[in-house]
Amino acid sequence: MSFLGALLAPLLGLAAAPAAAAAPSTMPAATAEAPAGTPAGTPAATPAAAPTTAEGALLDGRRRPGYQKTLPDKVEQDNPGAVNAPPPEAFYDKWDGEGSPSDLVVDTGVPDRWRITSSLCPRKDTATGRVNTALYTLFPRLAYMCHSKLDPFHHNTLKGDRPLAAGKKPGFLKGEDWFFIANGVSDTVIEPRSFPIPVGNQTTTDPDSNDTFGRSHSLVLSQTFIAGFSLLKGETAFKPPIVEYRVAIAGNINHVEVPERRVLYVEPSKGTKRTDGFIGLQEAFIDYHLGRFDTKRFDFMSLRVGIQPFQSDFRGFLFNDNQLGVRLFGNRDNNRMQFNLAAFWRIEKETNSGLNNIAAPLRQDWILTGNLYRQDFPVVGLTSQISATWNINHDTRIVADANGFPVRPALIGDLRPRKYQVLYLGYGVDGHIGRLNLTGQIYGAFGKDRNNYLTSEPATIRAFFGAAEVSYDRNWARLRASALYASGDSNPYDKTEKGFDAIFENPQFAGADTSYWIRQTIPFAGGGRVISINGRNGILNSLRSSKEQGQSNFINPGTALVGLGGDFDLTPTVRVSTNANHLWFANTRVLQVLRNEGSIPRSIGWDLSVASTWRPKAAQNVVFRLSGAVLKAGDGFKDLFDKQGHGRQFYSVLANATLSF
C-alpha cells in the first residue's frame, strides 16, 4: 500500500491490505464474483467500481464510500422562495425618534462570542440617558435577553459571565479573557435565646437574688456585610483560570443585651448592653495556575498564597476557617482525584464579631495539612478522603479579649501557659450507595502537651473522633440519622490526655446552627473562670476559653450524640427541617474533678429543633430562615446548672435573612 493509502486506511476504518494485493488484478469486470466451487480462501475479483491508489493499483476487495473518478456536474440552486440575508437596515445603532422604529441605522458589531446576544439589546442614549425600548415593539422576545447590569439571575459582566471588553479593561491587564467578579452578601441575624448565666452576690443586677445562676434570657442582633472582588484570567467555563486575584472584606455590627453583669464585660460597672462593630479582611490571595497534567481533560495544579478559606473535611469537624497560608492543590485522572497541600499561620480573631483581626500580632499557631480525595472509591458513588493535619501551638503569651476576659492561657487548672503539638490522621467518605446517602468521618489525635494543667507535667495526647450521617430520599422528603462520638478523658491525672478537641470547628451536622447545643455557648460555672463547656457554632465539649481565641484542650469530658431528622421540600421554594438529638458527656470524670463533686451523670439532654427556609427566587440569592430550638435538660445538665429547680429547659430562636449578589 502506498504512503497515502496507509495514511487514509485508519481514517476510513480500513485494514491494511496484504502485500500480494498491491499487484494489479487481470480479471475482467464481468468475473467480479468468484465462480461456484472456488476453493475457500481464494480472493474474489475486484468489483468494477473499485478505486485505485495513487499509483493506479486497485484496492482488492475494498471500495471507498461515495468514490467517483469524475466530479458530478455543478449544482445550480434556484430557489426564489428562500429567505435572503437581512438588509443592513435590519441592524441598528440608535433610533433618532423620527419616523418609525424600523428606521434604525446599522452600526452594530459583535465584539466576542460572549456578547453575541447582548449586542442586539437597546443601548442607552447618550443625550437623554434613557434606554430606547422601541426595538421591543418590533422584536418582543428580545426583552428576554436584555437585562440590567445589576441583575444577578442573567448573564452579567460583574458576575464573570463574560470577559471585560477590550476597550474597557485597565491597561495593565495583558492579553484577552480577563474576567471580573464582584459579589456582595448581607447577613442579618435576630436571635433571642436563654442559657444558664452564673452570677455572684457582687455582680448580680438583682440584689435579692441568692442563687448561683441568674436570669437566663438574652438577645443578639447582628448585621454583616461582605464585599468580594476577583480578577481572573481564563475561560472559566472550559478550563481553570491561569491567575486569580481575590479580596473579600467583611464588616459586622452587633448588639447584645443580657440580664446579668460580667457577662459582656469583665468590669461589673459596664452594664448589660453592648454595641460593637468591626471590619475584617477575610480573603486576600493570589491563585496561580502552574500547569496541566492532561491537556484533554484539563487536570491542573495551582498555587494559592494569602488569606484564603480552607475546610479540612466534608462537614467541617476539624478545621474550617479563613486563614493566612500557602496552598498547593489540583486534580488528576479526569478530576477523579483531588489533592491539597497547605500550611497556615493563624490570624487573631476579633472577639465580638469573629472576623480576622490583621492589626493584631499573628498567633504562634501553625497548621500543616494535606489530603487526598478519590471519587468512586471504595464503591461507585462514594468519594473517599484521607488526611493528615499537624497543629503546632506555642501560644505562650498572656492574652485577654476585647472585653477584658483572659483567653490564653485558659483560667483553669494551674493557669500556666501551654504548648502542644498534635497530629490528626483522618479518613472520610461522602456520597451515596444507590438511594442511600452517606457521610462519615473518623480522626485520631496523637501528640504531646508540654503542660497538663492539672499535674503541671508533660502528657501524651491520644484521642479519637467519629461521626456518620445516613439519609434516604423519597420524593420531596429526606430522612436522616446521625451519630457522633468524641472521646473524653477518664483519668485527668495520668500522663495521657484522651479528650478529643478540634482546631477550629464549624460542623454542618445534626441540624448545624439550628441546633441549640451547636449554636449556643454554655458557661462552665464552678470549675473554671471564663470557661465554656462547648463553643458557639461548635459541637465538642472541650472546656475552652474561646473557640476563636483560645487553645485546644485535650482534658475534656468528650461528646456523644445520636439524632434523627428530616428535610421536607414542601414547595420548590420552601423547606422545613426537623431534628431531635440526644447528647451525653462521653466521660464526666474531668467535670467531677473540676467541680469537686463525687458523681455527675452523663446525660446532657434532648435537643429539639425545627427550621423553615424560604427562597423566593428558588436560588441562593435571597434566603430567609427561621428556626427554633429547645434543650430539655438531662440529669447531667441539671446537676451542673439547676437553678432552684427551674434550670431545666432553655430555648434558642434564630431569624436569618441572607441577600447575595
# chains A, B, ... in the order shown; residues from 1 in each chain; ligands from 1
call {"tool": "residues_around", "arguments": {"residues": "Val576 of chain A", "least_positions_apart": "5", "cutoff": "6 Å", "atoms": "only C-alpha atoms", "output": "PyMOL selection string"}}
result
chain A and resi 567-568+611-612
call {"tool": "select_by_dssp", "arguments": {"residues": "segment 383-527 of chain A", "states": "helix (DSSP H, G or I)", "output": "list in words"}}
result
Ala512, Asp513, Thr514, Tyr516, Trp517, Ile518 and Arg519 of chain A
call {"tool": "residues_around", "arguments": {"residues": "Ile604 of chain A", "least_positions_apart": "4", "cutoff": "12 Å", "atoms": "only C-alpha atoms", "output": "PyMOL selection string"}}
result
chain A and resi 516-517+522+533-534+541+557-562+581-588+600+631-641+648-649
call {"tool": "residues_around", "arguments": {"residues": "Asp376 of chain A", "least_positions_apart": "2", "cutoff": "12 Å", "atoms": "only C-alpha atoms", "output": "PDB file with N, CA and C atoms, in the first residue's frame"}}
result
ATOM      1  N   ASN A 335     -10.279  14.446  36.944  1.00  0.00           N
ATOM      2  CA  ASN A 335     -10.892  15.004  38.158  1.00  0.00           C
ATOM      3  C   ASN A 335     -11.412  13.928  39.115  1.00  0.00           C
ATOM      4  N   ARG A 336     -11.040  12.701  38.933  1.00  0.00           N
ATOM      5  CA  ARG A 336     -11.445  11.664  39.884  1.00  0.00           C
ATOM      6  C   ARG A 336     -10.577  11.692  41.130  1.00  0.00           C
ATOM      7  N   MET A 337      -9.465  12.393  41.069  1.00  0.00           N
ATOM      8  CA  MET A 337      -8.577  12.500  42.216  1.00  0.00           C
ATOM      9  C   MET A 337      -8.234  13.972  42.429  1.00  0.00           C
ATOM     10  N   TYR A 373      -8.382  13.178  47.844  1.00  0.00           N
ATOM     11  CA  TYR A 373      -9.746  12.718  47.565  1.00  0.00           C
ATOM     12  C   TYR A 373      -9.709  11.754  46.380  1.00  0.00           C
ATOM     13  N   ARG A 374     -10.528  10.725  46.462  1.00  0.00           N
ATOM     14  CA  ARG A 374     -10.674   9.793  45.356  1.00  0.00           C
ATOM     15  C   ARG A 374     -12.152   9.510  45.139  1.00  0.00           C
ATOM     16  N   PRO A 378     -14.661   3.542  48.042  1.00  0.00           N
ATOM     17  CA  PRO A 378     -14.423   2.171  47.577  1.00  0.00           C
ATOM     18  C   PRO A 378     -15.498   1.624  46.656  1.00  0.00           C
ATOM     19  N   VAL A 379     -16.633   2.328  46.528  1.00  0.00           N
ATOM     20  CA  VAL A 379     -17.675   1.886  45.602  1.00  0.00           C
ATOM     21  C   VAL A 379     -18.090   3.086  44.770  1.00  0.00           C
ATOM     22  N   VAL A 380     -18.731   2.821  43.647  1.00  0.00           N
ATOM     23  CA  VAL A 380     -19.194   3.891  42.775  1.00  0.00           C
ATOM     24  C   VAL A 380     -20.230   4.736  43.513  1.00  0.00           C
ATOM     25  N   GLY A 381     -20.051   6.033  43.471  1.00  0.00           N
ATOM     26  CA  GLY A 381     -20.957   6.949  44.137  1.00  0.00           C
ATOM     27  C   GLY A 381     -20.406   7.547  45.410  1.00  0.00           C
ATOM     28  N   LEU A 382     -19.358   6.948  45.959  1.00  0.00           N
ATOM     29  CA  LEU A 382     -18.741   7.460  47.180  1.00  0.00           C
ATOM     30  C   LEU A 382     -17.398   8.113  46.855  1.00  0.00           C
ATOM     31  N   THR A 383     -17.098   9.206  47.544  1.00  0.00           N
ATOM     32  CA  THR A 383     -15.790   9.845  47.466  1.00  0.00           C
ATOM     33  C   THR A 383     -15.085   9.658  48.796  1.00  0.00           C
ATOM     34  N   SER A 384     -13.856   9.131  48.753  1.00  0.00           N
ATOM     35  CA  SER A 384     -13.071   8.909  49.961  1.00  0.00           C
ATOM     36  C   SER A 384     -12.016   9.994  50.102  1.00  0.00           C
ATOM     37  N   GLN A 385     -11.688  10.298  51.366  1.00  0.00           N
ATOM     38  CA  GLN A 385     -10.649  11.285  51.645  1.00  0.00           C
ATOM     39  C   GLN A 385      -9.761  10.781  52.768  1.00  0.00           C
ATOM     40  N   VAL A 429     -15.734   9.748  54.144  1.00  0.00           N
ATOM     41  CA  VAL A 429     -16.445   9.378  52.921  1.00  0.00           C
ATOM     42  C   VAL A 429     -17.662  10.297  52.778  1.00  0.00           C
ATOM     43  N   ASP A 430     -18.039  10.532  51.543  1.00  0.00           N
ATOM     44  CA  ASP A 430     -19.229  11.335  51.274  1.00  0.00           C
ATOM     45  C   ASP A 430     -19.772  10.944  49.910  1.00  0.00           C
ATOM     46  N   GLY A 431     -21.077  10.730  49.836  1.00  0.00           N
ATOM     47  CA  GLY A 431     -21.688  10.360  48.568  1.00  0.00           C
ATOM     48  C   GLY A 431     -22.937   9.528  48.788  1.00  0.00           C
ATOM     49  N   HIS A 432     -23.123   8.545  47.937  1.00  0.00           N
ATOM     50  CA  HIS A 432     -24.322   7.708  48.052  1.00  0.00           C
ATOM     51  C   HIS A 432     -24.023   6.297  47.576  1.00  0.00           C
ATOM     52  N   ILE A 433     -24.784   5.365  48.122  1.00  0.00           N
ATOM     53  CA  ILE A 433     -24.792   3.980  47.648  1.00  0.00           C
ATOM     54  C   ILE A 433     -26.215   3.697  47.216  1.00  0.00           C
TER      55      ILE A 433
END
call {"tool": "closest_residue", "arguments": {"among": "A:Leu138, A:Ile367, A:Val247, A:Ala343", "to": "Phe180 of chain A", "atoms": "only C-alpha atoms"}}
result
A:Val247
call {"tool": "residues_around", "arguments": {"residues": "segment 326-334 of chain A", "least_positions_apart": "5", "cutoff": "7 Å", "atoms": "only C-alpha atoms", "output": "CSV table (one decimal) with N, CA and C atoms, in the first residue's frame"}}
result
chain,number,residue,atom,x,y,z
A,297,ARG,N,-8.3,16.8,29.3
A,297,ARG,CA,-9.3,16.8,30.4
A,297,ARG,C,-9.1,18.0,31.4
A,299,ASP,N,-6.8,18.4,33.7
A,299,ASP,CA,-6.3,18.2,35.0
A,299,ASP,C,-5.2,19.2,35.3
A,300,PHE,N,-5.2,19.8,36.5
A,300,PHE,CA,-4.4,21.0,36.7
A,300,PHE,C,-3.7,21.0,38.1
A,301,MET,N,-2.8,21.9,38.3
A,301,MET,CA,-2.2,22.2,39.6
A,301,MET,C,-2.1,23.7,39.8
A,302,SER,N,-2.5,24.2,41.0
A,302,SER,CA,-2.4,25.6,41.2
A,302,SER,C,-1.8,25.9,42.6
A,303,LEU,N,-1.3,27.1,42.7
A,303,LEU,CA,-0.6,27.5,44.0
A,303,LEU,C,-1.4,28.8,44.4
A,304,ARG,N,-1.9,28.8,45.7
A,304,ARG,CA,-2.7,29.9,46.2
A,304,ARG,C,-1.9,30.4,47.5
A,305,VAL,N,-1.7,31.7,47.5
A,305,VAL,CA,-0.9,32.3,48.6
A,305,VAL,C,-1.7,33.5,49.1
A,306,GLY,N,-1.9,33.5,50.4
A,306,GLY,CA,-2.6,34.6,51.1
A,306,GLY,C,-3.7,34.2,52.0
A,339,PHE,N,-6.2,16.8,45.3
A,339,PHE,CA,-5.3,16.8,46.4
A,339,PHE,C,-5.1,18.2,46.9
A,340,ASN,N,-4.7,18.4,48.2
A,340,ASN,CA,-4.3,19.6,48.8
A,340,ASN,C,-3.1,19.5,49.7
A,341,LEU,N,-2.2,20.4,49.6
A,341,LEU,CA,-1.0,20.5,50.5
A,341,LEU,C,-1.0,22.0,50.9
A,342,ALA,N,-1.1,22.2,52.3
A,342,ALA,CA,-1.2,23.6,52.7
A,342,ALA,C,-0.5,23.8,54.0
A,343,ALA,N,-0.1,25.1,54.3
A,343,ALA,CA,0.5,25.5,55.5
A,343,ALA,C,-0.2,26.8,55.9
A,344,PHE,N,-0.7,26.9,57.2
A,344,PHE,CA,-1.4,28.2,57.6
A,344,PHE,C,-0.7,28.7,58.9
call {"tool": "residues_around", "arguments": {"residues": "Pro163 of chain A", "least_positions_apart": "2", "cutoff": "7 Å", "atoms": "only C-alpha atoms", "output": "compact mmCIF listing (two decimals) with C-alpha atoms, in the first residue's frame"}}
result
# COMPACT_ATOMS: atom_id res chain seq x y z
CA THR A 157 -20.12 41.13 33.38
CA GLY A 160 -17.85 36.96 35.44
CA ASP A 161 -20.28 35.58 32.86
CA ALA A 165 -14.45 44.32 26.88
CA ASP A 177 -10.19 36.69 28.58
CA TRP A 178 -9.89 38.75 31.78
CA PHE A 179 -12.95 38.30 33.97
call {"tool": "residues_around", "arguments": {"residues": "Ala481 of chain A", "least_positions_apart": "2", "cutoff": "6 Å", "atoms": "only C-alpha atoms", "output": "list in words"}}
result
Glu469, Val470, Gly563 and Leu564 of chain A
call {"tool": "closest_residue", "arguments": {"among": "A:Glu350, A:Glu76, A:Glu191, A:Asp642", "to": "Ala629 of chain A", "atoms": "only C-alpha atoms"}}
result
A:Glu191
call {"tool": "decode", "arguments": {"residues": "segment 585-612 of chain A", "atoms": "N, CA and C atoms", "output": "compact mmCIF listing (two decimals), in the first residue's frame"}}
result
# COMPACT_ATOMS: atom_id res chain seq x y z
N PHE A 585 -22.24 13.45 77.81
CA PHE A 585 -20.80 13.54 78.00
C PHE A 585 -20.24 12.14 77.84
N ALA A 586 -19.14 12.03 77.12
CA ALA A 586 -18.54 10.70 76.96
C ALA A 586 -18.00 10.18 78.28
N ASN A 587 -17.45 11.07 79.12
CA ASN A 587 -16.95 10.69 80.43
C ASN A 587 -16.95 11.94 81.31
N THR A 588 -17.52 11.86 82.49
CA THR A 588 -17.66 13.05 83.33
C THR A 588 -16.58 13.15 84.41
N ARG A 589 -15.54 12.34 84.33
CA ARG A 589 -14.51 12.36 85.38
C ARG A 589 -13.84 13.74 85.47
N VAL A 590 -13.58 14.39 84.36
CA VAL A 590 -12.95 15.71 84.38
C VAL A 590 -13.87 16.72 85.06
N LEU A 591 -15.15 16.66 84.76
CA LEU A 591 -16.10 17.58 85.39
C LEU A 591 -16.15 17.35 86.89
N GLN A 592 -16.08 16.10 87.32
CA GLN A 592 -16.10 15.81 88.75
C GLN A 592 -14.88 16.40 89.46
N VAL A 593 -13.73 16.30 88.82
CA VAL A 593 -12.51 16.85 89.42
C VAL A 593 -12.58 18.36 89.50
N LEU A 594 -12.99 19.02 88.41
CA LEU A 594 -13.00 20.49 88.39
C LEU A 594 -14.10 21.05 89.27
N ARG A 595 -15.21 20.36 89.39
CA ARG A 595 -16.31 20.83 90.24
C ARG A 595 -16.22 20.27 91.67
N ASN A 596 -15.26 19.39 91.90
CA ASN A 596 -15.09 18.78 93.21
C ASN A 596 -16.38 18.08 93.66
N GLU A 597 -16.95 17.30 92.75
CA GLU A 597 -18.15 16.52 93.03
C GLU A 597 -17.85 15.04 92.91
N GLY A 598 -18.57 14.26 93.67
CA GLY A 598 -18.33 12.83 93.66
C GLY A 598 -18.84 12.13 92.41
N SER A 599 -19.96 12.60 91.85
CA SER A 599 -20.52 11.96 90.65
C SER A 599 -21.36 12.97 89.89
N ILE A 600 -21.26 12.91 88.58
CA ILE A 600 -22.07 13.74 87.69
C ILE A 600 -22.60 12.83 86.58
N PRO A 601 -23.91 12.72 86.40
CA PRO A 601 -24.46 11.87 85.34
C PRO A 601 -23.99 12.32 83.96
N ARG A 602 -24.04 11.42 83.00
CA ARG A 602 -23.54 11.71 81.66
C ARG A 602 -24.55 12.42 80.78
N SER A 603 -25.83 12.31 81.03
CA SER A 603 -26.85 12.81 80.10
C SER A 603 -26.90 14.34 80.09
N ILE A 604 -26.76 14.91 78.88
CA ILE A 604 -26.94 16.36 78.70
C ILE A 604 -28.41 16.67 78.45
N GLY A 605 -29.07 15.88 77.62
CA GLY A 605 -30.48 16.08 77.40
C GLY A 605 -30.87 15.99 75.95
N TRP A 606 -32.12 16.36 75.69
CA TRP A 606 -32.68 16.33 74.34
C TRP A 606 -32.60 17.72 73.71
N ASP A 607 -32.09 17.76 72.50
CA ASP A 607 -32.01 19.00 71.71
C ASP A 607 -33.01 18.86 70.56
N LEU A 608 -34.12 19.60 70.65
CA LEU A 608 -35.19 19.52 69.66
C LEU A 608 -35.26 20.83 68.88
N SER A 609 -35.30 20.74 67.56
CA SER A 609 -35.30 21.96 66.75
C SER A 609 -36.12 21.77 65.49
N VAL A 610 -36.64 22.88 64.98
CA VAL A 610 -37.35 22.92 63.71
C VAL A 610 -36.97 24.21 63.00
N ALA A 611 -36.78 24.13 61.69
CA ALA A 611 -36.34 25.30 60.91
C ALA A 611 -37.09 25.33 59.60
N SER A 612 -37.40 26.53 59.15
CA SER A 612 -38.03 26.72 57.84
C SER A 612 -37.15 27.64 57.01
